[in-house]
Amino acid sequence: MAQKVTPQFLLLPIDEIELLEDNPREINEKEFKDLCNDIRKDPNFLMQRPPLVNLITKENRKIAYAGNQRLKAAKHNGLNEIWVWVENDVPKTIQQERMLKDNLHRGEWNFNKLLEFDHSWLSDIGFKNADLSKLNSMNIPNILTADKKGIPPTIKITFSNTSQMNKFEALLKTMLNDFEGAIYSISEGEI
């Protein structure tokens, strides 16, 4: 029989931890690969957002009720141990509430503050196209006016390399959703 444990941060073998079967959170294959990559790039991320584990004392079972996807990704990445928060005999209602809160993303982005971030990696960490489009449209000057009536305003941008141009084109495609009738052309070299 397991001892009563005060909630604590422990390093446990992944194979000793069961996943809660009725966890409603699911992610698709791409999201799972992205999570695995995030953990590979920043292994300490798991320590910052550890899975929550319920130690059922009379059965000596350790069941993760929040952070199941992080556990799966850690195991997929070849980790044998993981830091977790362990607590004894957590009532089902509290487990369910914490599980949902762990996956519930509240609030909205302050886009003015996000303008200070490097936009090139925002989509890589999970920003949705609608948010990226809104953010990118905030960077577009609202003083675009043609010197001569009847001639549409244009922007000329010179990139230092093809890769940079291709990244910009990908962002441009998402931005154009907000600008009906806007057209663009991109080429290597002078037209």
# chains A, B, ... in the order shown; residues from 1 in each chain; ligands from 1
call {"tool": "residues_around", "arguments": {"residues": "segment 164-167 of chain A", "least_positions_apart": "4", "cutoff": "12 Å", "atoms": "only C-alpha atoms", "output": "VMD selection string"}}
result
chain A and resid 119 to 121 123 157 to 160 171 to 174 185 to 189
call {"tool": "residues_around", "arguments": {"residues": "segment 82-85 of chain A", "least_positions_apart": "6", "cutoff": "10 Å", "atoms": "only C-alpha atoms", "output": "list of chain:residue names"}}
result
A:Pro7, A:Gln8, A:Phe9, A:Leu10, A:Leu11, A:Leu12, A:Pro13, A:Ile14, A:Asp15, A:Ile17, A:Asn44, A:Leu46, A:Met47, A:Gln48, A:Arg49, A:Pro50, A:Pro51, A:Leu52, A:Val53, A:Asn54, A:Ala64, A:Ala66, A:Gly67, A:Arg70, A:Leu71, A:Ala74, A:Lys75
call {"tool": "atom_distance", "arguments": {"atom1": "atom CA of Tyr184 of chain A", "atom2": "atom CA of Glu169 of chain A"}}
result
9.3 Å
call {"tool": "residues_around", "arguments": {"residues": "Asn23 of chain A", "least_positions_apart": "6", "cutoff": "9 Å", "atoms": "only C-alpha atoms", "output": "PDB file with N, CA and C atoms, in the first residue's frame"}}
result
ATOM      1  N   TYR A  65      -4.206  12.691 -15.030  1.00  0.00           N
ATOM      2  CA  TYR A  65      -5.521  13.188 -15.434  1.00  0.00           C
ATOM      3  C   TYR A  65      -5.429  14.529 -16.154  1.00  0.00           C
ATOM      4  N   ALA A  66      -4.269  15.121 -16.204  1.00  0.00           N
ATOM      5  CA  ALA A  66      -4.043  16.341 -16.989  1.00  0.00           C
ATOM      6  C   ALA A  66      -2.620  16.268 -17.521  1.00  0.00           C
ATOM      7  N   ASN A  68      -1.950  14.476 -20.475  1.00  0.00           N
ATOM      8  CA  ASN A  68      -1.797  13.185 -21.167  1.00  0.00           C
ATOM      9  C   ASN A  68      -1.034  13.317 -22.474  1.00  0.00           C
ATOM     10  N   GLN A  96     -11.609  16.290 -12.964  1.00  0.00           N
ATOM     11  CA  GLN A  96     -12.275  16.751 -14.183  1.00  0.00           C
ATOM     12  C   GLN A  96     -12.143  18.257 -14.341  1.00  0.00           C
ATOM     13  N   MET A  99      -8.540  19.059 -15.254  1.00  0.00           N
ATOM     14  CA  MET A  99      -8.269  18.581 -16.611  1.00  0.00           C
ATOM     15  C   MET A  99      -8.790  19.580 -17.642  1.00  0.00           C
ATOM     16  N   LEU A 100     -10.009  20.045 -17.428  1.00  0.00           N
ATOM     17  CA  LEU A 100     -10.598  21.000 -18.369  1.00  0.00           C
ATOM     18  C   LEU A 100      -9.882  22.347 -18.310  1.00  0.00           C
TER      19      LEU A 100
END
call {"tool": "closest_residue", "arguments": {"among": "A:Asp34, A:Glu81, A:Glu87, A:Asp42", "to": "Ile56 of chain A", "atoms": "only C-alpha atoms"}}
result
A:Glu87
call {"tool": "select_by_dssp", "arguments": {"residues": "chain A", "states": "strand (DSSP E)", "output": "list of chain:residue names"}}
result
A:Gln8, A:Phe9, A:Leu10, A:Leu11, A:Leu12, A:Pro13, A:Ile17, A:Glu18, A:Leu19, A:Leu52, A:Val53, A:Asn54, A:Leu55, A:Ile56, A:Arg61, A:Lys62, A:Ile63, A:Ala64, A:Tyr65, A:Ala66, A:Glu81, A:Ile82, A:Trp83, A:Val84, A:Trp85, A:Val86, A:Glu87, A:Asn88
call {"tool": "closest_residue", "arguments": {"among": "A:Glu26, A:Glu16, A:Asp178, A:Asp89", "to": "Ser137 of chain A", "atoms": "only C-alpha atoms"}}
result
A:Asp178
call {"tool": "atom_distance", "arguments": {"atom1": "atom CA of Lys62 of chain A", "atom2": "atom CA of Arg98 of chain A"}}
result
16.3 Å
call {"tool": "select_by_dssp", "arguments": {"residues": "segment 13-178 of chain A", "states": "helix (DSSP H, G or I)", "output": "PyMOL selection string"}}
result
chain A and resi 14-16+29-41+45-48+68-76+92-103+111-114+119-121+129-138+162-178
call {"tool": "residues_around", "arguments": {"residues": "Asn110 of chain A", "least_positions_apart": "5", "cutoff": "12 Å", "atoms": "only C-alpha atoms", "output": "MDAnalysis selection string"}}
result
chainID A and resid 115:117 131 134:135 138
call {"tool": "write_last_selection", "arguments": {"atoms": "N, CA and C atoms", "output": "compact mmCIF listing (two decimals), in the first residue's frame"}}
result
# COMPACT_ATOMS: atom_id res chain seq x y z
N LEU A 115 2.87 42.71 -31.45
CA LEU A 115 3.63 43.32 -32.54
C LEU A 115 5.12 43.32 -32.25
N GLU A 116 5.49 43.26 -30.96
CA GLU A 116 6.90 43.29 -30.57
C GLU A 116 7.57 41.92 -30.73
N PHE A 117 6.78 40.86 -30.97
CA PHE A 117 7.32 39.51 -31.09
C PHE A 117 7.74 39.22 -32.52
N ASP A 131 -5.74 34.84 -36.17
CA ASP A 131 -4.95 35.72 -35.29
C ASP A 131 -3.75 36.29 -36.03
N LYS A 134 -4.90 39.00 -38.40
CA LYS A 134 -5.20 40.25 -37.68
C LYS A 134 -3.92 40.95 -37.27
N LEU A 135 -2.97 40.19 -36.75
CA LEU A 135 -1.70 40.75 -36.32
C LEU A 135 -0.95 41.36 -37.50
N MET A 138 -2.20 44.65 -38.78
CA MET A 138 -1.86 45.80 -37.93
C MET A 138 -0.52 46.39 -38.33
call {"tool": "atom_distance", "arguments": {"atom1": "atom CA of Asn37 of chain A", "atom2": "atom CA of Gly78 of chain A"}}
result
12.3 Å
